[in-house]
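Reproduced below: model-v8.tsv, with TSV, C-alpha atoms.
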```tsv
chain	number	residue	atom	x	y	z
F	99	MET	CA	28.13	-26.19	-10.35
F	100	LEU	CA	25.49	-27.06	-12.90
F	101	PRO	CA	22.16	-25.24	-12.74
F	102	VAL	CA	19.30	-27.06	-11.11
F	103	SER	CA	16.44	-27.48	-13.52
F	104	ALA	CA	12.92	-28.68	-12.92
F	105	SER	CA	13.93	-32.08	-14.18
F	106	SER	CA	17.21	-32.43	-12.27
F	107	PRO	CA	17.42	-35.81	-10.61
F	108	SER	CA	17.99	-36.17	-6.91
F	109	PRO	CA	21.25	-37.70	-5.77
F	110	ASP	CA	19.05	-40.15	-3.90
F	111	ASP	CA	16.34	-42.14	-5.66
F	112	ARG	CA	14.41	-42.21	-2.37
F	113	PRO	CA	14.29	-38.60	-1.22
F	114	GLY	CA	14.94	-38.18	2.50
F	115	PHE	CA	16.25	-35.46	4.77
F	116	SER	CA	19.76	-36.94	4.61
F	117	ALA	CA	19.73	-36.16	0.88
F	118	LEU	CA	19.54	-32.45	1.79
F	119	LEU	CA	22.94	-32.54	3.52
F	120	PRO	CA	24.87	-31.39	0.42
F	121	TYR	CA	22.66	-28.29	0.46
F	122	TRP	CA	22.74	-27.66	4.22
F	123	GLN	CA	24.05	-24.09	4.01
F	124	VAL	CA	21.23	-22.70	1.88
F	125	THR	CA	18.63	-24.83	3.69
F	126	LEU	CA	19.82	-23.61	7.09
F	127	ALA	CA	19.89	-19.99	5.92
F	128	ALA	CA	16.34	-20.16	4.55
F	129	PHE	CA	15.12	-21.93	7.71
F	130	SER	CA	16.84	-19.37	9.96
F	131	GLY	CA	15.48	-16.41	8.02
F	132	TRP	CA	11.93	-17.67	8.35
F	133	PHE	CA	12.53	-18.52	12.05
F	134	LEU	CA	13.65	-14.97	12.80
F	135	ASP	CA	10.87	-13.48	10.68
F	136	ALA	CA	8.34	-15.47	12.70
F	137	PHE	CA	9.79	-14.47	16.06
F	138	ASP	CA	9.49	-10.78	15.25
F	139	GLN	CA	6.03	-11.05	13.67
F	140	THR	CA	4.43	-13.15	16.42
F	141	ALA	CA	5.83	-10.83	19.09
F	142	LEU	CA	3.07	-8.45	18.00
F	143	MET	CA	0.38	-11.09	18.54
F	144	PHE	CA	1.57	-11.87	22.07
F	145	THR	CA	1.76	-8.23	23.09
F	146	LEU	CA	-1.59	-7.03	21.68
F	147	PRO	CA	-3.41	-6.78	25.06
F	148	ASP	CA	-0.43	-4.93	26.57
F	149	ILE	CA	-0.16	-2.52	23.64
F	150	ALA	CA	-3.91	-1.85	23.73
F	151	LYS	CA	-3.68	-1.04	27.44
F	152	ASP	CA	-0.59	1.15	26.99
F	153	PHE	CA	-2.06	3.06	24.06
F	154	GLY	CA	-5.59	3.22	25.52
F	155	CYS	CA	-7.24	1.68	22.45
F	156	THR	CA	-9.36	-1.32	21.47
F	157	LEU	CA	-8.32	-4.55	19.75
F	158	SER	CA	-10.40	-3.50	16.77
F	159	ALA	CA	-8.28	-0.36	16.42
F	160	LEU	CA	-5.12	-2.47	16.53
F	161	GLY	CA	-6.52	-4.51	13.65
F	162	SER	CA	-5.34	-1.62	11.48
F	163	VAL	CA	-1.78	-2.47	12.48
F	164	PHE	CA	-2.13	-5.97	11.03
F	165	LEU	CA	-3.61	-4.51	7.86
F	166	ALA	CA	-0.66	-2.12	7.56
F	167	GLN	CA	1.78	-4.98	8.09
F	168	ALA	CA	-0.01	-6.97	5.40
F	169	LEU	CA	0.19	-4.07	2.94
F	170	GLY	CA	3.90	-3.84	3.68
F	171	ARG	CA	4.26	-7.55	3.01
F	172	ALA	CA	2.56	-7.04	-0.35
F	173	VAL	CA	5.09	-4.35	-1.25
F	174	GLY	CA	7.98	-6.48	-0.02
F	175	ASN	CA	6.84	-9.67	-1.72
F	176	THR	CA	6.32	-7.95	-5.06
F	177	GLY	CA	9.25	-5.52	-4.97
F	178	TRP	CA	11.76	-8.04	-3.66
F	179	GLY	CA	10.64	-10.53	-6.26
F	180	TRP	CA	11.61	-8.12	-9.00
F	181	LEU	CA	14.84	-7.14	-7.20
F	182	SER	CA	15.71	-10.81	-6.77
F	183	ASP	CA	15.16	-11.54	-10.46
F	184	ARG	CA	17.18	-8.47	-11.45
F	185	PHE	CA	20.11	-8.43	-9.00
F	186	GLY	CA	20.24	-11.92	-7.51
F	187	ARG	CA	18.55	-14.02	-4.83
F	188	LYS	CA	21.35	-13.68	-2.27
F	189	PRO	CA	21.58	-9.84	-2.16
F	190	ALA	CA	17.79	-9.57	-1.94
F	191	PHE	CA	17.74	-12.14	0.89
F	192	THR	CA	20.34	-10.14	2.85
F	193	LEU	CA	18.55	-6.83	2.33
F	194	GLY	CA	15.24	-8.31	3.49
F	195	ILE	CA	16.78	-9.47	6.78
F	196	LEU	CA	18.29	-6.03	7.45
F	197	PHE	CA	14.96	-4.37	6.72
F	198	PHE	CA	12.73	-6.47	8.97
F	199	ALA	CA	15.26	-6.60	11.85
F	200	LEU	CA	15.61	-2.82	11.95
F	201	PHE	CA	11.89	-2.06	11.96
F	202	ALA	CA	11.12	-4.86	14.40
F	203	ALA	CA	13.41	-3.14	16.90
F	204	LEU	CA	11.90	0.28	16.15
F	205	THR	CA	8.43	-1.10	16.95
F	206	GLY	CA	9.46	-1.03	20.60
F	207	THR	CA	9.92	2.76	20.45
F	208	THR	CA	6.37	3.59	19.31
F	209	HIS	CA	3.90	5.47	21.52
F	210	SER	CA	0.80	5.76	19.32
F	211	ILE	CA	-1.25	3.73	16.87
F	212	ALA	CA	-0.20	6.03	14.02
F	213	THR	CA	3.52	5.42	14.52
F	214	LEU	CA	2.92	1.71	15.14
F	215	VAL	CA	1.05	1.47	11.84
F	216	ILE	CA	3.90	3.15	9.95
F	217	ILE	CA	6.65	1.07	11.56
F	218	GLN	CA	4.76	-2.20	11.06
F	219	PHE	CA	4.12	-1.30	7.42
F	220	LEU	CA	7.89	-0.94	6.95
F	221	PHE	CA	8.52	-4.13	8.93
F	222	GLY	CA	6.09	-5.91	6.61
F	223	ILE	CA	8.16	-4.87	3.59
F	224	GLY	CA	11.21	-6.63	4.97
F	225	PHE	CA	9.16	-9.58	6.21
F	226	GLY	CA	7.71	-10.22	2.77
F	227	GLY	CA	10.94	-9.49	0.93
F	228	GLU	CA	13.00	-11.91	3.02
F	229	TRP	CA	10.63	-14.81	2.35
F	230	THR	CA	10.44	-14.17	-1.38
F	231	ALA	CA	14.20	-14.12	-1.89
F	232	SER	CA	15.04	-17.00	0.47
F	233	ALA	CA	12.30	-19.32	-0.81
F	234	THR	CA	13.33	-18.78	-4.43
F	235	LEU	CA	17.01	-19.24	-3.58
F	236	LEU	CA	16.29	-22.53	-1.84
F	237	MET	CA	13.97	-23.90	-4.54
F	238	GLU	CA	16.56	-23.13	-7.22
F	239	SER	CA	19.48	-24.58	-5.24
F	240	VAL	CA	18.20	-28.12	-4.61
F	241	PRO	CA	17.18	-30.85	-7.11
F	242	ALA	CA	13.53	-31.09	-8.11
F	243	SER	CA	12.76	-34.30	-6.20
F	244	LEU	CA	14.10	-32.78	-2.96
F	245	ARG	CA	12.18	-29.53	-3.20
F	246	PRO	CA	9.10	-30.67	-1.21
F	247	LEU	CA	11.38	-31.71	1.67
F	248	ALA	CA	13.47	-28.55	1.39
F	249	SER	CA	10.28	-26.52	1.33
F	250	ALA	CA	9.00	-28.29	4.44
F	251	THR	CA	12.29	-27.74	6.25
F	252	MET	CA	12.37	-24.04	5.47
F	253	MET	CA	8.74	-23.44	6.37
F	254	SER	CA	9.10	-25.25	9.70
F	255	GLY	CA	11.26	-22.32	10.76
F	256	TYR	CA	8.10	-20.32	11.33
F	257	GLU	CA	6.85	-22.63	14.06
F	258	VAL	CA	10.22	-22.74	15.78
F	259	GLY	CA	10.23	-18.93	15.75
F	260	TYR	CA	6.64	-18.82	17.02
F	261	MET	CA	7.49	-21.18	19.89
F	262	ALA	CA	10.63	-19.19	20.73
F	263	SER	CA	8.51	-16.04	20.82
F	264	ALA	CA	6.02	-17.79	23.14
F	265	GLY	CA	8.84	-18.72	25.50
F	266	ALA	CA	10.30	-15.21	25.36
F	267	GLN	CA	6.98	-13.53	26.16
F	268	ALA	CA	6.43	-15.82	29.16
F	269	LEU	CA	9.77	-14.61	30.57
F	270	ILE	CA	9.78	-11.01	29.37
F	271	LEU	CA	6.21	-9.64	29.57
F	272	PRO	CA	5.64	-10.10	33.34
F	273	HIS	CA	8.97	-8.46	34.24
F	274	TYR	CA	10.21	-6.15	31.49
F	275	GLY	CA	7.17	-5.12	29.44
F	276	TRP	CA	6.18	-5.48	25.82
F	277	ARG	CA	8.79	-3.15	24.31
F	278	VAL	CA	11.70	-5.46	25.11
F	279	MET	CA	10.06	-8.16	22.96
F	280	PHE	CA	10.74	-5.94	19.96
F	281	PHE	CA	14.15	-4.59	20.94
F	282	ILE	CA	15.62	-8.09	20.76
F	283	GLY	CA	14.27	-8.27	17.19
F	284	LEU	CA	17.48	-6.62	15.99
F	285	LEU	CA	19.43	-9.85	16.55
F	286	PRO	CA	18.45	-11.42	13.18
F	287	ALA	CA	20.88	-9.08	11.45
F	288	LEU	CA	23.66	-11.43	12.58
F	289	LEU	CA	22.40	-14.02	10.08
F	290	ILE	CA	23.79	-11.84	7.31
F	291	ILE	CA	27.33	-12.89	8.25
F	292	PHE	CA	26.50	-16.55	7.64
F	293	ILE	CA	24.77	-15.79	4.34
F	294	ARG	CA	27.68	-13.66	3.16
F	295	PHE	CA	30.33	-16.34	3.67
F	296	LYS	CA	28.51	-19.68	3.48
F	297	VAL	CA	25.56	-19.38	1.08
F	298	LYS	CA	26.03	-19.47	-2.69
F	299	GLU	CA	23.94	-17.64	-5.24
F	300	SER	CA	21.22	-19.60	-7.07
F	301	PRO	CA	22.87	-21.69	-9.81
F	302	LEU	CA	19.83	-21.20	-12.02
F	303	TRP	CA	19.96	-17.41	-11.67
F	304	LEU	CA	23.70	-17.44	-12.39
F	305	ALA	CA	23.09	-19.56	-15.49
F	306	VAL	CA	20.54	-17.03	-16.76
F	307	GLN	CA	23.04	-14.19	-16.23
F	308	GLU	CA	25.76	-16.17	-17.99
F	309	GLU	CA	23.47	-16.72	-20.95
F	310	LYS	CA	22.79	-12.98	-21.13
F	311	LYS	CA	26.54	-12.27	-21.13
F	312	LYS	CA	27.06	-14.79	-23.91
F	313	GLN	CA	24.33	-13.19	-25.99
F	314	ARG	CA	25.89	-9.76	-25.52
F	315	ALA	CA	29.32	-11.13	-26.48
F	316	ASP	CA	27.80	-12.61	-29.64
F	317	GLY	CA	26.27	-9.26	-30.48
F	318	ALA	CA	22.72	-10.34	-29.79
F	319	GLU	CA	20.38	-7.75	-28.34
F	320	THR	CA	19.41	-8.52	-24.74
F	321	LEU	CA	16.87	-6.64	-22.72
F	322	SER	CA	16.74	-6.48	-18.95
F	323	VAL	CA	13.59	-7.84	-17.42
F	324	SER	CA	11.48	-4.79	-16.65
F	325	PHE	CA	8.88	-4.61	-13.92
F	326	TRP	CA	6.05	-4.54	-16.46
F	327	GLN	CA	7.48	-7.50	-18.36
F	328	THR	CA	7.27	-9.37	-15.09
F	329	VAL	CA	3.68	-8.26	-14.51
F	330	ARG	CA	2.62	-9.64	-17.90
F	331	GLN	CA	3.68	-13.13	-16.79
F	332	PHE	CA	0.66	-13.24	-14.48
F	333	TRP	CA	-1.83	-13.59	-17.32
F	334	SER	CA	-1.98	-17.36	-17.08
F	335	GLY	CA	-4.22	-19.89	-15.40
F	336	ALA	CA	-1.39	-21.20	-13.22
F	337	ALA	CA	-0.49	-17.72	-11.99
F	338	PHE	CA	-4.12	-16.87	-11.22
F	339	GLN	CA	-4.46	-20.11	-9.29
F	340	ALA	CA	-1.32	-19.37	-7.25
F	341	ILE	CA	-2.58	-15.91	-6.34
F	342	ALA	CA	-6.11	-17.04	-5.47
F	343	PHE	CA	-4.87	-19.95	-3.38
F	344	MET	CA	-2.51	-17.80	-1.34
F	345	CYS	CA	-5.14	-15.12	-0.80
F	346	PHE	CA	-7.64	-17.46	0.86
F	347	LEU	CA	-5.01	-19.65	2.54
F	348	GLU	CA	-3.45	-16.63	4.25
F	349	PHE	CA	-6.91	-15.34	5.20
F	350	GLN	CA	-7.86	-18.56	6.98
F	351	LYS	CA	-4.46	-18.97	8.64
F	352	ALA	CA	-4.47	-15.39	9.92
F	353	ALA	CA	-7.99	-15.81	11.28
F	354	LEU	CA	-6.86	-19.03	12.98
F	355	TYR	CA	-3.79	-17.84	14.86
F	356	THR	CA	-3.44	-14.03	14.84
F	357	PHE	CA	-5.74	-13.55	17.82
F	358	TYR	CA	-5.10	-16.95	19.41
F	359	PRO	CA	-2.87	-15.56	22.21
F	360	THR	CA	-5.45	-12.84	22.87
F	361	ILE	CA	-8.26	-15.43	23.01
F	362	LEU	CA	-6.23	-17.49	25.47
F	363	ARG	CA	-5.69	-14.44	27.70
F	364	ASP	CA	-9.11	-12.81	27.48
F	365	SER	CA	-11.54	-15.71	26.87
F	366	HIS	CA	-9.71	-18.52	28.66
F	367	HIS	CA	-8.12	-16.20	31.26
F	368	LEU	CA	-4.63	-17.66	30.97
F	369	SER	CA	-1.47	-15.90	32.16
F	370	PRO	CA	1.48	-15.31	29.79
F	371	GLN	CA	3.21	-18.31	31.39
F	372	MET	CA	0.18	-20.59	30.85
F	373	ILE	CA	-0.26	-19.37	27.28
F	374	PHE	CA	3.11	-20.90	26.47
F	375	TRP	CA	1.78	-24.48	26.71
F	376	PRO	CA	-1.01	-24.45	24.09
F	377	VAL	CA	1.13	-22.30	21.80
F	378	ALA	CA	4.09	-24.67	22.25
F	379	LEU	CA	1.89	-27.67	21.41
F	380	TYR	CA	0.53	-25.82	18.38
F	381	CYS	CA	4.10	-25.23	17.23
F	382	LEU	CA	5.17	-28.83	17.88
F	383	GLY	CA	2.14	-30.02	15.94
F	384	SER	CA	3.05	-27.61	13.16
F	385	LEU	CA	6.58	-28.96	12.98
F	386	SER	CA	5.29	-32.52	12.88
F	387	GLY	CA	2.71	-31.61	10.26
F	388	LYS	CA	5.22	-29.91	7.99
F	389	ILE	CA	7.63	-32.81	8.14
F	390	LEU	CA	4.81	-35.30	7.59
F	391	CYS	CA	3.25	-33.33	4.73
F	392	GLY	CA	6.64	-32.92	3.06
F	393	ALA	CA	7.21	-36.67	3.22
F	394	LEU	CA	3.66	-37.61	2.18
F	395	ALA	CA	3.74	-35.23	-0.78
F	396	THR	CA	6.59	-37.21	-2.33
F	397	ARG	CA	4.34	-40.28	-2.29
F	398	PHE	CA	0.78	-39.04	-2.81
F	399	GLY	CA	1.26	-35.64	-4.46
F	400	GLU	CA	1.07	-32.20	-2.91
F	401	ASP	CA	-2.51	-31.41	-4.01
F	402	THR	CA	-3.95	-34.47	-2.26
F	403	VAL	CA	-1.97	-33.81	0.91
F	404	MET	CA	-2.99	-30.14	0.95
F	405	ARG	CA	-6.69	-30.95	0.67
F	406	ALA	CA	-6.52	-33.56	3.43
F	407	ALA	CA	-4.79	-31.09	5.75
F	408	LEU	CA	-7.33	-28.35	5.03
F	409	VAL	CA	-10.21	-30.70	5.81
F	410	GLY	CA	-8.47	-31.40	9.12
F	411	VAL	CA	-8.47	-27.67	9.89
F	412	MET	CA	-12.23	-27.47	9.39
F	413	LEU	CA	-12.81	-30.41	11.75
F	414	LEU	CA	-10.56	-29.05	14.51
F	415	ILE	CA	-11.19	-25.30	14.54
F	416	ILE	CA	-14.14	-25.34	16.96
F	417	PRO	CA	-12.40	-27.19	19.83
F	418	PHE	CA	-9.18	-25.28	19.11
F	419	LEU	CA	-10.72	-21.87	19.77
F	420	ASN	CA	-13.71	-22.71	21.95
F	421	ALA	CA	-12.89	-25.78	24.08
F	422	GLY	CA	-13.22	-25.42	27.84
F	423	PRO	CA	-11.37	-28.47	29.24
F	424	TRP	CA	-7.61	-27.98	29.42
F	425	ALA	CA	-6.82	-31.39	27.89
F	426	ILE	CA	-9.02	-30.75	24.83
F	427	LEU	CA	-7.53	-27.28	24.40
F	428	LEU	CA	-4.01	-28.72	24.37
F	429	ALA	CA	-4.81	-31.69	22.13
F	430	SER	CA	-6.66	-29.57	19.57
F	431	ALA	CA	-3.76	-27.10	19.52
F	432	PHE	CA	-1.33	-29.86	18.56
F	433	PHE	CA	-3.48	-31.43	15.85
F	434	ILE	CA	-4.70	-28.23	14.22
F	435	GLY	CA	-1.10	-27.01	14.19
F	436	ALA	CA	-0.18	-30.13	12.22
F	437	ALA	CA	-3.03	-29.62	9.75
F	438	ALA	CA	-2.97	-25.83	9.29
F	439	SER	CA	0.80	-25.48	9.09
F	440	GLY	CA	1.41	-28.72	7.22
F	441	VAL	CA	-0.10	-27.08	4.15
F	442	TYR	CA	2.54	-24.37	4.26
F	443	ALA	CA	5.33	-26.90	4.02
F	444	LEU	CA	4.33	-27.37	0.39
F	445	VAL	CA	3.64	-23.75	-0.53
F	446	PRO	CA	7.09	-22.79	-1.93
F	447	HIS	CA	7.10	-25.83	-4.22
F	448	TYR	CA	3.42	-25.35	-5.13
F	449	LEU	CA	4.07	-21.75	-6.18
F	450	SER	CA	7.40	-22.40	-7.92
F	451	ARG	CA	5.69	-24.80	-10.36
F	452	ARG	CA	3.37	-22.04	-11.54
F	453	PHE	CA	5.93	-19.54	-12.85
F	454	PRO	CA	8.73	-19.68	-15.48
F	455	ASP	CA	12.39	-19.55	-14.43
F	456	ALA	CA	13.04	-15.94	-15.45
F	457	HIS	CA	10.11	-14.61	-13.40
F	458	ARG	CA	9.81	-17.21	-10.64
F	459	SER	CA	10.92	-15.03	-7.74
F	460	ALA	CA	8.60	-12.19	-8.75
F	461	GLY	CA	5.78	-14.66	-9.31
F	462	MET	CA	6.17	-16.33	-5.95
F	463	GLY	CA	6.55	-12.95	-4.27
F	464	THR	CA	3.43	-11.51	-5.86
F	465	SER	CA	1.42	-14.60	-4.91
F	466	TYR	CA	2.45	-14.10	-1.31
F	467	ALA	CA	1.78	-10.37	-1.65
F	468	VAL	CA	-1.86	-10.92	-2.53
F	469	GLY	CA	-2.02	-13.58	0.16
F	470	SER	CA	-0.74	-11.10	2.72
F	471	LEU	CA	-3.66	-8.85	1.83
F	472	GLY	CA	-5.92	-11.75	2.79
F	473	GLN	CA	-4.07	-11.86	6.10
F	474	GLY	CA	-4.61	-8.14	6.57
F	475	VAL	CA	-8.33	-8.44	5.87
F	476	ALA	CA	-8.60	-11.20	8.48
F	477	GLY	CA	-6.68	-9.11	11.01
F	478	ARG	CA	-9.17	-6.27	10.56
F	479	LEU	CA	-12.32	-8.36	10.07
F	480	VAL	CA	-12.10	-10.77	13.03
F	481	PRO	CA	-12.08	-8.15	15.84
F	482	SER	CA	-14.69	-6.06	14.00
F	483	LEU	CA	-16.96	-9.09	13.60
F	484	ALA	CA	-16.53	-10.23	17.22
F	485	PRO	CA	-19.18	-7.93	18.80
F	486	LEU	CA	-21.74	-9.13	16.26
F	487	VAL	CA	-21.26	-12.88	16.85
F	488	THR	CA	-20.82	-13.17	20.63
F	489	GLY	CA	-17.07	-12.87	20.77
F	490	LEU	CA	-13.62	-13.24	19.25
F	491	PRO	CA	-13.55	-17.09	19.20
F	492	VAL	CA	-16.76	-17.35	17.15
F	493	ALA	CA	-15.67	-14.61	14.73
F	494	ALA	CA	-12.34	-16.32	14.14
F	495	THR	CA	-14.04	-19.71	13.68
F	496	LEU	CA	-16.39	-18.40	10.99
F	497	CYS	CA	-13.55	-16.77	9.06
F	498	VAL	CA	-11.40	-19.91	9.23
F	499	LEU	CA	-14.20	-22.17	7.96
F	500	SER	CA	-15.04	-19.91	5.01
F	501	GLY	CA	-11.42	-19.30	3.99
F	502	THR	CA	-10.50	-22.97	4.25
F	503	LEU	CA	-13.44	-24.13	2.15
F	504	ILE	CA	-12.58	-21.72	-0.65
F	505	SER	CA	-8.89	-22.73	-0.50
F	506	ILE	CA	-9.86	-26.36	-1.05
F	507	GLY	CA	-11.99	-25.35	-4.02
F	508	VAL	CA	-9.07	-23.52	-5.66
F	509	THR	CA	-6.84	-26.61	-5.49
F	510	LEU	CA	-9.39	-28.71	-7.41
F	511	PHE	CA	-8.36	-27.05	-10.68
F	512	ARG	CA	-5.17	-27.88	-12.60
F	513	PRO	CA	-4.29	-25.27	-15.24
F	514	LYS	CA	-2.45	-26.59	-18.29
F	515	ASP	CA	0.57	-24.33	-17.73
F	516	VAL	CA	1.49	-25.83	-14.34
F	517	ARG	CA	5.07	-27.10	-14.54
```
When written as structure tokens, how does the structure in this file appear?
Amino acid sequence: MLPVSASSPSPDDRPGFSALLPYWQVTLAAFSGWFLDAFDQTALMFTLPDIAKDFGCTLSALGSVFLAQALGRAVGNTGWGWLSDRFGRKPAFTLGILFFALFAALTGTTHSIATLVIIQFLFGIGFGGEWTASATLLMESVPASLRPLASATMMSGYEVGYMASAGAQALILPHYGWRVMFFIGLLPALLIIFIRFKVKESPLWLAVQEEKKKQRADGAETLSVSFWQTVRQFWSGAAFQAIAFMCFLEFQKAALYTFYPTILRDSHHLSPQMIFWPVALYCLGSLSGKILCGALATRFGEDTVMRAALVGVMLLIIPFLNAGPWAILLASAFFIGAAASGVYALVPHYLSRRFPDAHRSAGMGTSYAVGSLGQGVAGRLVPSLAPLVTGLPVAATLCVLSGTLISIGVTLFRPKDVR
């Protein structure tokens, strides 16, 4: 199989989802990995009030758990990026799944904030590592013109996982307690079997390794890519833009949805069963938005589509978090899901264009690593700010508006080294 380069033509002059069929194994694996990642991560959001009650602590104290998870993601994104560049996308993908599945299950055994912080830090490492390896593998396995659609397909796995988690908590929490939500998090390890036998290594990565072998056979001196060689690749305008964009995008997204289930339970007084409906509509809107943004980006360009979606977030955030009428709450959940998550459909492609082939996985991983720190800051800041601004909904709204506005500003620049 020939390596897929940035200029590889699509087998279809009019890119559509049917054109992804020749690449269904790697697309399905990347989608499934992100689906399972999302299920395990959002289980924590749904169980926050129960954990706080069980541990006898405040939501503000549990904000430290989200910060620890974010720090773990930073380690996983960065470390797995280097591992993926050094040893291959497929082995790193498999290891990431094992890591996050194990520590998701162990979360259900914790009995204190201290142990929860440690376990969620380790879970975050696998969470970040899995995304880095799978996103790079997918982007390097499909032709350039199909990458926005492949990116949208993979990233839609998060919403499917979020909705599955919402359904699971409606059935599990009232009868079995919060710990069972995490025990079933061990199931993702089964995906490894599919990856082992059905998914091929990145053709681009294999081509790079083949070139290194050829150079060694010819007697040329070849040096392995060291960690610090990878770090030096970030001294470019495109890399700085990728990192800044992800930092503020993750901050606003975390402020938007991390405490959404808690707001629905505590501010809107909904039961776990009733929470399912606005969350399900948010997820359905997210799926629609990702598919729509992926399609629109092939026509209007990803920067334009991203900005339009972010403006939509700013217009919808107040009714989404603060609306009283049930109909408005449901409608705003659907439309803000489409806007806020639609942006993420384009993130893998957006980041991949800002790093060279030899360091792409590490570059994308580090961008997400810094972004995860933005998520951690939001997870700590929103509940801490809530007592000062009349409640959790207002605190989340202010953080979303500020983070979204800065994200839009970052996209207005186009560094010369963007590919």
- [ ] For stretch 269-277 of chain F, list every protein, DNA or RNA residue within 9 Å, evaluated using only C-alpha atoms, and leave out those in the same chain fewer than 5 positions away; present the list as a ChimeraX atom specification.
- [x] /F:141-142,144-146,148-149,203,205-208,264,370-371
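Taking atom CA of F:Ser334 and atom CA of F:Leu181 as endpoints, the distance between them is 22.0 Å.
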TODO: Dump as a ChimeraX atom specification all residues having an atom at most 12 Å from (-5.5, -32.0, 17.9), computed in the file's coordinates with all atoms listed in the file.
DONE: /F:376,379-384,386-387,410-419,421,425-438
Could you save the residues just selected, with C-alpha atoms, as an mmCIF file, keeping the file's coordinate frame?
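Output contents, as saved in selection22.cif:
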```cif
data_model
loop_
_atom_site.group_PDB
_atom_site.id
_atom_site.type_symbol
_atom_site.label_atom_id
_atom_site.label_comp_id
_atom_site.auth_asym_id
_atom_site.auth_seq_id
_atom_site.Cartn_x
_atom_site.Cartn_y
_atom_site.Cartn_z
ATOM 1 C CA PRO F 376 -1.010 -24.450 24.090
ATOM 2 C CA LEU F 379 1.890 -27.670 21.410
ATOM 3 C CA TYR F 380 0.530 -25.820 18.380
ATOM 4 C CA CYS F 381 4.100 -25.230 17.230
ATOM 5 C CA LEU F 382 5.170 -28.830 17.880
ATOM 6 C CA GLY F 383 2.140 -30.020 15.940
ATOM 7 C CA SER F 384 3.050 -27.610 13.160
ATOM 8 C CA SER F 386 5.290 -32.520 12.880
ATOM 9 C CA GLY F 387 2.710 -31.610 10.260
ATOM 10 C CA GLY F 410 -8.470 -31.400 9.120
ATOM 11 C CA VAL F 411 -8.470 -27.670 9.890
ATOM 12 C CA MET F 412 -12.230 -27.470 9.390
ATOM 13 C CA LEU F 413 -12.810 -30.410 11.750
ATOM 14 C CA LEU F 414 -10.560 -29.050 14.510
ATOM 15 C CA ILE F 415 -11.190 -25.300 14.540
ATOM 16 C CA ILE F 416 -14.140 -25.340 16.960
ATOM 17 C CA PRO F 417 -12.400 -27.190 19.830
ATOM 18 C CA PHE F 418 -9.180 -25.280 19.110
ATOM 19 C CA LEU F 419 -10.720 -21.870 19.770
ATOM 20 C CA ALA F 421 -12.890 -25.780 24.080
ATOM 21 C CA ALA F 425 -6.820 -31.390 27.890
ATOM 22 C CA ILE F 426 -9.020 -30.750 24.830
ATOM 23 C CA LEU F 427 -7.530 -27.280 24.400
ATOM 24 C CA LEU F 428 -4.010 -28.720 24.370
ATOM 25 C CA ALA F 429 -4.810 -31.690 22.130
ATOM 26 C CA SER F 430 -6.660 -29.570 19.570
ATOM 27 C CA ALA F 431 -3.760 -27.100 19.520
ATOM 28 C CA PHE F 432 -1.330 -29.860 18.560
ATOM 29 C CA PHE F 433 -3.480 -31.430 15.850
ATOM 30 C CA ILE F 434 -4.700 -28.230 14.220
ATOM 31 C CA GLY F 435 -1.100 -27.010 14.190
ATOM 32 C CA ALA F 436 -0.180 -30.130 12.220
ATOM 33 C CA ALA F 437 -3.030 -29.620 9.750
ATOM 34 C CA ALA F 438 -2.970 -25.830 9.290
#
```
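Distances here use only C-alpha atoms; by that measure, the residue among F:Cys345, F:Val258, F:Met252, F:Ala268 closest to F:Pro446 is F:Met252.
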Task: Spatial neighbours of stretch 154-170 of chain F, 8 Å, all atoms listed in the file, chain gap at least 5 places, as a count of residues only - done: 25
Given all atoms listed in the file, how would the per-residue table for stretch 186-248 of chain F near stretch 120-135 of chain F read, listing every residue at most 7 Å away with its closest atom pair and distance in Å to one decimal, sorted by chain and number, as JSON lines?
```
{"residue": "F:Phe225", "atom": "CA", "partner": "F:Asp135", "partner_atom": "CA", "distance": 6.2}
{"residue": "F:Trp229", "atom": "CA", "partner": "F:Trp132", "partner_atom": "CA", "distance": 6.8}
{"residue": "F:Ser232", "atom": "CA", "partner": "F:Ala128", "partner_atom": "CA", "distance": 5.3}
{"residue": "F:Ala233", "atom": "CA", "partner": "F:Ala128", "partner_atom": "CA", "distance": 6.8}
{"residue": "F:Leu236", "atom": "CA", "partner": "F:Val124", "partner_atom": "CA", "distance": 6.2}
{"residue": "F:Val240", "atom": "CA", "partner": "F:Tyr121", "partner_atom": "CA", "distance": 6.8}
{"residue": "F:Ala248", "atom": "CA", "partner": "F:Thr125", "partner_atom": "CA", "distance": 6.8}
```
Task: F:His447 surroundings by only C-alpha atoms, 10 Å radius, close-in-sequence under 3 positions cut, as a list of chain:residue names - done: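 Residues meeting the cut-off are F:Ala233, F:Thr234, F:Met237, F:Ala242, F:Leu244, F:Arg245, F:Pro246, F:Leu247, F:Ala248, F:Ser249, F:Ala250, F:Glu400, F:Tyr442, F:Ala443, F:Leu444, F:Ser450, F:Arg451, F:Arg452, F:Met462.
What separates atom CA of F:Phe338 from atom CA of F:Thr502 is a distance of 17.8 Å.
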TODO: Return the single residue from F:Tyr256, F:Trp178, F:Tyr466, F:Phe374 that is closest to F:Thr192, with distances computed using only C-alpha atoms.
DONE: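 Under the stated criterion, the closest residue is F:Trp178.
As for atom CA of F:Arg405 and atom CA of F:Thr356, they are spaced 22.3 Å apart.
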TODO: Rank nothing, just name the residue among F:Leu394, F:Leu385, F:Met404, F:Ala353 nearest to F:Thr495, using all atoms listed in the file.
DONE: F:Ala353
Any idea what's packed within 6 Å of stretch 282-284 of chain F, counting only C-alpha atoms, ignoring anything in its chain fewer than 5 positions away? Could you give it as a short mmCIF file (atom, residue, chain, number, x, y, z; two decimals) with C-alpha atoms, in the coordinates of the input?
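Output contents, as saved in around_11.cif:
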```
data_model
loop_
_atom_site.label_atom_id
_atom_site.label_comp_id
_atom_site.auth_asym_id
_atom_site.auth_seq_id
_atom_site.Cartn_x
_atom_site.Cartn_y
_atom_site.Cartn_z
CA ASP F 138 9.49 -10.78 15.25
CA ALA F 199 15.26 -6.60 11.85
CA LEU F 200 15.61 -2.82 11.95
CA ALA F 202 11.12 -4.86 14.40
CA ALA F 203 13.41 -3.14 16.90
#
```
